$ cat coords12.cif   # mmCIF, N, CA and C atoms and all ligand atoms
data_work
#
loop_
_atom_site.label_atom_id
_atom_site.label_comp_id
_atom_site.auth_asym_id
_atom_site.auth_seq_id
_atom_site.Cartn_x
_atom_site.Cartn_y
_atom_site.Cartn_z
N MET A 1 6.58 -49.44 -17.84
CA MET A 1 5.13 -49.28 -17.68
C MET A 1 4.49 -50.64 -17.44
N GLU A 2 3.42 -50.65 -16.70
CA GLU A 2 2.74 -51.89 -16.33
C GLU A 2 1.92 -52.44 -17.52
N SER A 3 1.89 -53.77 -17.66
CA SER A 3 1.11 -54.33 -18.76
C SER A 3 -0.38 -54.27 -18.45
N VAL A 4 -1.17 -54.09 -19.51
CA VAL A 4 -2.63 -53.96 -19.38
C VAL A 4 -3.30 -54.92 -20.37
N PRO A 5 -4.54 -55.34 -20.07
CA PRO A 5 -5.23 -56.23 -21.03
C PRO A 5 -5.85 -55.45 -22.18
N CYS A 6 -5.75 -56.01 -23.37
CA CYS A 6 -6.38 -55.41 -24.55
C CYS A 6 -7.88 -55.74 -24.49
N PRO A 7 -8.76 -54.74 -24.71
CA PRO A 7 -10.20 -55.02 -24.64
C PRO A 7 -10.73 -55.91 -25.77
N VAL A 8 -9.93 -56.10 -26.82
CA VAL A 8 -10.39 -56.93 -27.95
C VAL A 8 -9.93 -58.38 -27.77
N CYS A 9 -8.61 -58.59 -27.64
CA CYS A 9 -8.10 -59.96 -27.60
C CYS A 9 -7.81 -60.43 -26.17
N CYS A 10 -7.92 -59.55 -25.18
CA CYS A 10 -7.75 -59.88 -23.76
C CYS A 10 -6.32 -60.32 -23.40
N THR A 11 -5.36 -60.14 -24.29
CA THR A 11 -3.98 -60.46 -23.93
C THR A 11 -3.33 -59.22 -23.31
N PHE A 12 -2.39 -59.46 -22.41
CA PHE A 12 -1.71 -58.35 -21.76
C PHE A 12 -0.58 -57.83 -22.65
N PHE A 13 -0.41 -56.52 -22.66
CA PHE A 13 0.67 -55.91 -23.43
C PHE A 13 1.14 -54.68 -22.68
N ILE A 14 2.33 -54.20 -23.04
CA ILE A 14 2.86 -52.99 -22.41
C ILE A 14 2.57 -51.81 -23.32
N PRO A 15 1.72 -50.86 -22.88
CA PRO A 15 1.37 -49.71 -23.72
C PRO A 15 2.56 -48.78 -23.92
N ARG A 16 2.61 -48.11 -25.08
CA ARG A 16 3.69 -47.17 -25.39
C ARG A 16 3.52 -45.88 -24.61
N ASN A 17 2.24 -45.55 -24.31
CA ASN A 17 1.96 -44.36 -23.50
C ASN A 17 0.70 -44.60 -22.68
N LYS A 18 0.33 -43.63 -21.85
CA LYS A 18 -0.81 -43.81 -20.95
C LYS A 18 -2.14 -43.94 -21.67
N SER A 19 -2.23 -43.37 -22.86
CA SER A 19 -3.53 -43.37 -23.55
C SER A 19 -3.75 -44.63 -24.40
N GLN A 20 -2.70 -45.44 -24.62
CA GLN A 20 -2.88 -46.64 -25.45
C GLN A 20 -3.59 -47.72 -24.64
N SER A 21 -4.77 -48.13 -25.12
CA SER A 21 -5.49 -49.18 -24.41
C SER A 21 -5.70 -50.42 -25.26
N PHE A 22 -5.43 -50.33 -26.57
CA PHE A 22 -5.55 -51.48 -27.46
C PHE A 22 -4.15 -51.96 -27.83
N CYS A 23 -3.96 -53.28 -27.89
CA CYS A 23 -2.64 -53.82 -28.25
C CYS A 23 -2.34 -53.53 -29.73
N PRO A 24 -1.08 -53.67 -30.15
CA PRO A 24 -0.75 -53.29 -31.53
C PRO A 24 -1.12 -54.31 -32.61
N LYS A 25 -1.76 -55.42 -32.28
CA LYS A 25 -2.13 -56.39 -33.32
C LYS A 25 -3.07 -55.73 -34.33
N PRO A 26 -2.89 -56.06 -35.62
CA PRO A 26 -3.70 -55.39 -36.67
C PRO A 26 -5.21 -55.51 -36.43
N GLY A 27 -5.70 -56.67 -36.02
CA GLY A 27 -7.13 -56.83 -35.78
C GLY A 27 -7.64 -55.95 -34.66
N CYS A 28 -6.83 -55.80 -33.62
CA CYS A 28 -7.22 -54.96 -32.48
C CYS A 28 -7.17 -53.48 -32.85
N GLN A 29 -6.19 -53.11 -33.69
CA GLN A 29 -6.11 -51.72 -34.14
C GLN A 29 -7.29 -51.39 -35.06
N ARG A 30 -7.71 -52.37 -35.88
CA ARG A 30 -8.90 -52.14 -36.72
C ARG A 30 -10.13 -51.94 -35.83
N ALA A 31 -10.25 -52.74 -34.79
CA ALA A 31 -11.38 -52.62 -33.86
C ALA A 31 -11.36 -51.26 -33.17
N ARG A 32 -10.15 -50.80 -32.77
CA ARG A 32 -10.01 -49.48 -32.14
C ARG A 32 -10.47 -48.39 -33.10
N LYS A 33 -10.00 -48.47 -34.35
CA LYS A 33 -10.38 -47.44 -35.33
C LYS A 33 -11.88 -47.48 -35.60
N ALA A 34 -12.45 -48.67 -35.72
CA ALA A 34 -13.89 -48.80 -35.97
C ALA A 34 -14.69 -48.19 -34.83
N LEU A 35 -14.23 -48.43 -33.60
CA LEU A 35 -14.91 -47.86 -32.43
C LEU A 35 -14.82 -46.34 -32.44
N TRP A 36 -13.61 -45.83 -32.74
CA TRP A 36 -13.42 -44.39 -32.81
C TRP A 36 -14.34 -43.78 -33.86
N GLN A 37 -14.37 -44.44 -35.04
CA GLN A 37 -15.18 -43.92 -36.14
C GLN A 37 -16.67 -43.94 -35.80
N LYS A 38 -17.10 -45.00 -35.15
CA LYS A 38 -18.51 -45.10 -34.76
C LYS A 38 -18.88 -43.96 -33.80
N GLN A 39 -17.99 -43.69 -32.85
CA GLN A 39 -18.24 -42.61 -31.91
C GLN A 39 -18.19 -41.24 -32.59
N LYS A 40 -17.25 -41.09 -33.52
CA LYS A 40 -17.08 -39.82 -34.24
C LYS A 40 -18.32 -39.53 -35.09
N ILE A 41 -18.84 -40.57 -35.77
CA ILE A 41 -20.02 -40.40 -36.63
C ILE A 41 -21.23 -39.97 -35.81
N THR A 42 -21.38 -40.51 -34.60
CA THR A 42 -22.55 -40.13 -33.79
C THR A 42 -22.38 -38.74 -33.17
N SER A 43 -21.13 -38.28 -32.99
CA SER A 43 -20.94 -37.00 -32.31
C SER A 43 -20.62 -35.84 -33.24
N ASP A 44 -20.21 -36.12 -34.48
CA ASP A 44 -19.77 -35.05 -35.38
C ASP A 44 -20.54 -35.13 -36.71
N PRO A 45 -21.57 -34.27 -36.89
CA PRO A 45 -22.38 -34.31 -38.12
C PRO A 45 -21.56 -34.03 -39.39
N ASP A 46 -20.54 -33.16 -39.28
CA ASP A 46 -19.71 -32.87 -40.45
C ASP A 46 -18.91 -34.10 -40.87
N TYR A 47 -18.35 -34.81 -39.87
CA TYR A 47 -17.61 -36.03 -40.17
C TYR A 47 -18.53 -37.06 -40.80
N LYS A 48 -19.75 -37.17 -40.25
CA LYS A 48 -20.73 -38.13 -40.77
C LYS A 48 -21.04 -37.84 -42.24
N GLU A 49 -21.26 -36.56 -42.55
CA GLU A 49 -21.56 -36.17 -43.93
C GLU A 49 -20.36 -36.44 -44.84
N GLY A 50 -19.16 -36.14 -44.35
CA GLY A 50 -17.95 -36.42 -45.12
C GLY A 50 -17.81 -37.90 -45.43
N GLN A 51 -18.10 -38.74 -44.44
CA GLN A 51 -18.04 -40.19 -44.64
C GLN A 51 -19.07 -40.65 -45.67
N ARG A 52 -20.26 -40.07 -45.56
CA ARG A 52 -21.34 -40.45 -46.49
C ARG A 52 -20.94 -40.09 -47.94
N LEU A 53 -20.40 -38.89 -48.14
CA LEU A 53 -19.99 -38.47 -49.48
C LEU A 53 -18.82 -39.31 -49.98
N SER A 54 -17.89 -39.61 -49.08
CA SER A 54 -16.74 -40.41 -49.45
C SER A 54 -17.16 -41.82 -49.88
N GLN A 55 -18.09 -42.40 -49.14
CA GLN A 55 -18.57 -43.74 -49.49
C GLN A 55 -19.33 -43.72 -50.81
N LYS A 56 -20.11 -42.64 -51.02
CA LYS A 56 -20.87 -42.51 -52.25
C LYS A 56 -19.92 -42.42 -53.46
N LYS A 57 -18.87 -41.61 -53.30
CA LYS A 57 -17.88 -41.46 -54.37
C LYS A 57 -17.16 -42.78 -54.64
N TRP A 58 -16.80 -43.47 -53.56
CA TRP A 58 -16.10 -44.75 -53.72
C TRP A 58 -16.99 -45.75 -54.46
N LEU A 59 -18.27 -45.78 -54.10
CA LEU A 59 -19.19 -46.72 -54.74
C LEU A 59 -19.40 -46.38 -56.21
N GLN A 60 -19.35 -45.08 -56.56
CA GLN A 60 -19.46 -44.68 -57.97
C GLN A 60 -18.24 -45.17 -58.76
N ASN A 61 -17.08 -45.21 -58.09
CA ASN A 61 -15.87 -45.70 -58.74
C ASN A 61 -15.78 -47.23 -58.74
N ASN A 62 -16.59 -47.88 -57.91
CA ASN A 62 -16.60 -49.35 -57.82
C ASN A 62 -18.05 -49.86 -57.92
N PRO A 63 -18.69 -49.63 -59.08
CA PRO A 63 -20.12 -49.93 -59.17
C PRO A 63 -20.46 -51.42 -59.01
N ASP A 64 -19.50 -52.32 -59.28
CA ASP A 64 -19.79 -53.75 -59.17
C ASP A 64 -19.50 -54.32 -57.79
N TYR A 65 -19.12 -53.47 -56.84
CA TYR A 65 -18.69 -53.98 -55.54
C TYR A 65 -19.72 -54.90 -54.90
N TRP A 66 -20.96 -54.44 -54.79
CA TRP A 66 -21.97 -55.24 -54.08
C TRP A 66 -22.34 -56.50 -54.86
N LYS A 67 -22.32 -56.39 -56.18
CA LYS A 67 -22.60 -57.56 -57.02
C LYS A 67 -21.54 -58.64 -56.76
N LYS A 68 -20.26 -58.21 -56.75
CA LYS A 68 -19.16 -59.15 -56.49
C LYS A 68 -19.21 -59.66 -55.06
N TYR A 69 -19.54 -58.76 -54.13
CA TYR A 69 -19.62 -59.16 -52.72
C TYR A 69 -20.66 -60.27 -52.54
N ARG A 70 -21.82 -60.11 -53.15
CA ARG A 70 -22.88 -61.11 -53.04
C ARG A 70 -22.45 -62.43 -53.67
N ARG A 71 -21.69 -62.35 -54.77
CA ARG A 71 -21.21 -63.57 -55.43
C ARG A 71 -20.17 -64.27 -54.55
N ARG A 72 -19.32 -63.48 -53.89
CA ARG A 72 -18.27 -64.04 -53.02
C ARG A 72 -18.84 -64.59 -51.72
N ASN A 73 -19.94 -64.02 -51.23
CA ASN A 73 -20.49 -64.37 -49.92
C ASN A 73 -21.95 -64.80 -50.03
N PRO A 74 -22.21 -65.96 -50.67
CA PRO A 74 -23.61 -66.36 -50.85
C PRO A 74 -24.34 -66.58 -49.53
N GLU A 75 -23.62 -67.02 -48.50
CA GLU A 75 -24.27 -67.27 -47.21
C GLU A 75 -24.73 -65.96 -46.56
N LYS A 76 -23.86 -64.95 -46.61
CA LYS A 76 -24.24 -63.65 -46.05
C LYS A 76 -25.37 -63.02 -46.86
N THR A 77 -25.33 -63.22 -48.18
CA THR A 77 -26.39 -62.70 -49.04
C THR A 77 -27.72 -63.35 -48.68
N ASP A 78 -27.67 -64.67 -48.49
CA ASP A 78 -28.87 -65.41 -48.12
C ASP A 78 -29.42 -64.91 -46.79
N ARG A 79 -28.51 -64.72 -45.83
CA ARG A 79 -28.91 -64.22 -44.51
C ARG A 79 -29.56 -62.85 -44.61
N ASN A 80 -28.91 -61.96 -45.37
CA ASN A 80 -29.43 -60.61 -45.50
C ASN A 80 -30.80 -60.59 -46.17
N ARG A 81 -30.97 -61.45 -47.20
CA ARG A 81 -32.28 -61.50 -47.87
C ARG A 81 -33.36 -61.99 -46.91
N SER A 82 -33.02 -62.98 -46.09
CA SER A 82 -34.00 -63.49 -45.12
C SER A 82 -34.37 -62.40 -44.12
N LEU A 83 -33.36 -61.69 -43.61
CA LEU A 83 -33.62 -60.64 -42.63
C LEU A 83 -34.42 -59.49 -43.26
N GLN A 84 -34.13 -59.20 -44.54
CA GLN A 84 -34.88 -58.13 -45.22
C GLN A 84 -36.34 -58.54 -45.39
N LYS A 85 -36.58 -59.82 -45.70
CA LYS A 85 -37.97 -60.30 -45.82
C LYS A 85 -38.70 -60.11 -44.50
N ILE A 86 -38.02 -60.41 -43.40
CA ILE A 86 -38.64 -60.24 -42.08
C ILE A 86 -38.93 -58.76 -41.83
N ARG A 87 -37.95 -57.90 -42.15
CA ARG A 87 -38.16 -56.45 -41.97
C ARG A 87 -39.34 -55.96 -42.81
N ASN A 88 -39.42 -56.45 -44.07
CA ASN A 88 -40.53 -56.04 -44.94
C ASN A 88 -41.86 -56.51 -44.37
N MET A 89 -41.89 -57.76 -43.88
CA MET A 89 -43.13 -58.29 -43.31
C MET A 89 -43.56 -57.47 -42.10
N LYS A 90 -42.57 -57.13 -41.24
CA LYS A 90 -42.88 -56.33 -40.05
C LYS A 90 -43.42 -54.96 -40.43
N LYS A 91 -42.86 -54.39 -41.50
CA LYS A 91 -43.28 -53.07 -41.94
C LYS A 91 -44.69 -53.11 -42.53
N GLN A 92 -44.96 -54.17 -43.33
CA GLN A 92 -46.28 -54.28 -43.97
C GLN A 92 -47.36 -54.73 -43.01
N HIS A 93 -47.00 -55.64 -42.12
CA HIS A 93 -47.98 -56.19 -41.18
C HIS A 93 -47.45 -56.12 -39.77
N PRO A 94 -47.39 -54.93 -39.19
CA PRO A 94 -46.88 -54.86 -37.81
C PRO A 94 -47.80 -55.64 -36.88
N PRO A 95 -47.23 -56.49 -36.01
CA PRO A 95 -48.07 -57.29 -35.12
C PRO A 95 -48.78 -56.42 -34.09
N GLU A 96 -49.96 -56.87 -33.70
CA GLU A 96 -50.65 -56.18 -32.62
C GLU A 96 -49.82 -56.36 -31.35
N PRO A 97 -49.76 -55.33 -30.51
CA PRO A 97 -48.92 -55.45 -29.31
C PRO A 97 -49.24 -56.68 -28.47
N SER A 98 -50.54 -57.09 -28.45
CA SER A 98 -50.91 -58.25 -27.63
C SER A 98 -50.43 -59.56 -28.24
N LYS A 99 -50.05 -59.55 -29.53
CA LYS A 99 -49.65 -60.80 -30.18
C LYS A 99 -48.14 -60.97 -30.28
N ILE A 100 -47.39 -60.02 -29.74
CA ILE A 100 -45.94 -60.15 -29.79
C ILE A 100 -45.50 -61.14 -28.72
N ILE A 101 -44.87 -62.21 -29.19
CA ILE A 101 -44.35 -63.21 -28.25
C ILE A 101 -42.84 -63.14 -28.34
N GLY A 102 -42.23 -62.68 -27.28
CA GLY A 102 -40.79 -62.48 -27.31
C GLY A 102 -39.98 -63.69 -26.91
N ILE A 103 -40.57 -64.56 -26.18
CA ILE A 103 -39.83 -65.70 -25.66
C ILE A 103 -40.45 -66.98 -26.19
N ALA A 104 -39.62 -67.81 -26.78
CA ALA A 104 -40.12 -69.06 -27.33
C ALA A 104 -40.49 -70.01 -26.20
N LYS A 105 -41.61 -70.68 -26.35
CA LYS A 105 -42.01 -71.67 -25.37
C LYS A 105 -41.98 -73.03 -26.06
N MET A 106 -41.07 -73.86 -25.62
CA MET A 106 -40.90 -75.16 -26.28
C MET A 106 -42.16 -76.01 -26.20
N ASP A 107 -42.88 -75.95 -25.07
CA ASP A 107 -44.06 -76.80 -24.91
C ASP A 107 -45.25 -76.30 -25.72
N ALA A 108 -45.14 -75.08 -26.26
CA ALA A 108 -46.23 -74.54 -27.05
C ALA A 108 -46.17 -75.03 -28.50
N ARG A 109 -45.09 -75.73 -28.83
CA ARG A 109 -44.90 -76.19 -30.21
C ARG A 109 -45.89 -77.31 -30.53
N LYS A 110 -46.55 -77.19 -31.67
CA LYS A 110 -47.48 -78.22 -32.09
C LYS A 110 -46.69 -79.39 -32.68
N PRO A 111 -47.26 -80.60 -32.65
CA PRO A 111 -46.57 -81.74 -33.23
C PRO A 111 -46.29 -81.49 -34.72
N LEU A 112 -45.14 -81.91 -35.16
CA LEU A 112 -44.76 -81.66 -36.54
C LEU A 112 -45.42 -82.65 -37.47
N LEU A 113 -46.16 -82.13 -38.41
CA LEU A 113 -46.79 -82.99 -39.40
C LEU A 113 -45.98 -82.97 -40.69
N GLN A 114 -45.10 -82.00 -40.80
CA GLN A 114 -44.31 -81.91 -42.01
C GLN A 114 -42.83 -81.82 -41.64
N ASN A 115 -42.02 -82.13 -42.62
CA ASN A 115 -40.58 -82.09 -42.39
C ASN A 115 -40.10 -80.64 -42.39
N LEU A 116 -39.48 -80.22 -41.30
CA LEU A 116 -38.96 -78.86 -41.20
C LEU A 116 -37.45 -78.78 -41.38
N SER A 117 -36.84 -79.88 -41.87
CA SER A 117 -35.40 -79.87 -42.05
C SER A 117 -34.98 -78.72 -42.95
N GLY A 118 -33.87 -78.11 -42.61
CA GLY A 118 -33.36 -77.03 -43.42
C GLY A 118 -32.53 -76.06 -42.61
N GLN A 119 -32.14 -74.96 -43.24
CA GLN A 119 -31.35 -73.94 -42.57
C GLN A 119 -32.26 -72.76 -42.27
N TYR A 120 -32.15 -72.24 -41.07
CA TYR A 120 -32.98 -71.12 -40.65
C TYR A 120 -32.13 -70.09 -39.94
N TRP A 121 -32.63 -68.87 -39.93
CA TRP A 121 -32.00 -67.83 -39.12
C TRP A 121 -32.86 -67.60 -37.90
N LEU A 122 -32.25 -67.69 -36.75
CA LEU A 122 -32.93 -67.43 -35.49
C LEU A 122 -32.74 -65.94 -35.20
N VAL A 123 -33.81 -65.18 -35.29
CA VAL A 123 -33.71 -63.73 -35.18
C VAL A 123 -34.27 -63.29 -33.83
N PRO A 124 -33.42 -62.75 -32.97
CA PRO A 124 -33.90 -62.32 -31.65
C PRO A 124 -34.84 -61.12 -31.77
N THR A 125 -35.89 -61.12 -30.98
CA THR A 125 -36.82 -59.99 -31.01
C THR A 125 -36.72 -59.13 -29.77
N ILE A 126 -36.06 -59.62 -28.72
CA ILE A 126 -35.94 -58.84 -27.49
C ILE A 126 -34.55 -58.21 -27.42
N ALA A 127 -33.55 -59.05 -27.25
CA ALA A 127 -32.19 -58.56 -27.08
C ALA A 127 -31.64 -58.09 -28.42
N LYS A 128 -30.84 -57.05 -28.38
CA LYS A 128 -30.19 -56.56 -29.59
C LYS A 128 -28.92 -57.36 -29.79
N MET A 129 -29.02 -58.40 -30.58
CA MET A 129 -27.85 -59.22 -30.86
C MET A 129 -27.97 -59.73 -32.29
N ASP A 130 -26.89 -60.31 -32.80
CA ASP A 130 -26.91 -60.81 -34.17
C ASP A 130 -27.81 -62.02 -34.29
N ALA A 131 -28.35 -62.19 -35.48
CA ALA A 131 -29.12 -63.39 -35.75
C ALA A 131 -28.17 -64.59 -35.78
N VAL A 132 -28.68 -65.75 -35.44
CA VAL A 132 -27.87 -66.95 -35.37
C VAL A 132 -28.42 -67.94 -36.38
N LYS A 133 -27.54 -68.54 -37.16
CA LYS A 133 -27.98 -69.53 -38.14
C LYS A 133 -28.08 -70.88 -37.45
N ILE A 134 -29.20 -71.55 -37.65
CA ILE A 134 -29.39 -72.87 -37.05
C ILE A 134 -29.75 -73.87 -38.14
N PHE A 135 -29.47 -75.14 -37.86
CA PHE A 135 -29.82 -76.21 -38.77
C PHE A 135 -30.82 -77.11 -38.06
N ILE A 136 -31.92 -77.37 -38.69
CA ILE A 136 -32.91 -78.28 -38.12
C ILE A 136 -32.92 -79.54 -38.97
N THR A 137 -32.70 -80.66 -38.31
CA THR A 137 -32.72 -81.94 -38.99
C THR A 137 -33.70 -82.83 -38.29
N SER A 138 -34.59 -83.45 -39.03
CA SER A 138 -35.57 -84.33 -38.39
C SER A 138 -34.91 -85.69 -38.13
N ILE A 139 -35.25 -86.24 -36.98
CA ILE A 139 -34.74 -87.57 -36.59
C ILE A 139 -35.95 -88.50 -36.51
N PRO A 140 -35.90 -89.63 -37.21
CA PRO A 140 -37.03 -90.56 -37.16
C PRO A 140 -37.34 -90.96 -35.72
N VAL A 141 -38.60 -91.08 -35.37
CA VAL A 141 -39.04 -91.39 -34.02
C VAL A 141 -38.47 -92.73 -33.53
N ASN A 142 -38.38 -93.73 -34.41
CA ASN A 142 -37.95 -95.06 -34.01
C ASN A 142 -36.43 -95.27 -34.11
N SER A 143 -35.66 -94.19 -34.28
CA SER A 143 -34.22 -94.37 -34.39
C SER A 143 -33.63 -94.72 -33.02
N PRO A 144 -32.55 -95.51 -33.00
CA PRO A 144 -31.98 -95.96 -31.71
C PRO A 144 -31.37 -94.85 -30.90
ZN ZN A 201 -5.47 -57.03 -28.76
#

$ encode --input "coords12.cif" --output "structure tokens" --more "lines below"
Ligand SMILES: [Zn+2]
Amino acid sequence: MESVPCPVCCTFFIPRNKSQSFCPKPGCQRARKALWQKQKITSDPDYKEGQRLSQKKWLQNNPDYWKKYRRRNPEKTDRNRSLQKIRNMKKQHPPEPSKIIGIAKMDARKPLLQNLSGQYWLVPTIAKMDAVKIFITSIPVNSP
């Protein structure tokens, strides 16, 4: 059989049969299963309900999971809290349609009077993509 590229890792492999399109690497098989499950949940209400009940039962048996997860992943926790604050703000104070600015204009930025150094999440408002963490560091004007 002819080798084909895996849609996840883009390496060529020889499929075992005509329907195999993902290579056998564990990460690619997890991606295949996740894709299948995502499609199944949107197309099969019974499967979706079964998954919801199964997750609920699992969480009842592992009540400290999220507490431990947040302790293990402080950066993700921080990110999620920031995004939730933004979601809450949007819900409480939805912007007027005329005030929504989707594209940043660099020349519209006012001169900085205060230090903005720190870590921020850049949250896209137009494209559906993940938020990106950025670091802003101030550089003295007279530096070489
Ligand atoms: Zn692969």

$ residues_near_ligand --input "coords12.cif" --ligand "ligand ZN 201 (chain A)" --cutoff "7 Å" --atoms "only C-alpha atoms and all ligand atoms" --output "PyMOL selection string"
chain A and resi 6-11+22-25+28

$ residues_near_point --input "coords12.cif" --point "(-33.1, -65.2, -45.6)" --cutoff "5 Å" --atoms "all atoms listed in the file" --output "PyMOL selection string"
chain A and resi 78-79+81-83

$ atom_distance --input "coords12.cif" --atom1 "atom C of Asn80 (chain A)" --atom2 "atom C of Trp121 (chain A)"
11.0 Å

$ atom_distance --input "coords12.cif" --atom1 "atom N of Gln37 (chain A)" --atom2 "atom C of Gln55 (chain A)"
16.5 Å

$ atom_distance --input "coords12.cif" --atom1 "CA of Arg32 (chain A)" --atom2 "CA of Gln20 (chain A)"
10.2 Å

$ closest_residue --input "coords12.cif" --among "A:Gln92, A:Gln39, A:Ser117, A:Asn17" --to "Ser3 (chain A)" --atoms "only C-alpha atoms"
A:Asn17

$ select_by_dssp --input "coords12.cif" --residues "region 3-125 of chain A" --states "helix (DSSP H, G or I)" --output "ChimeraX atom specification"
/A:26-43,45-61,65-72,74-92,97-99,106-108
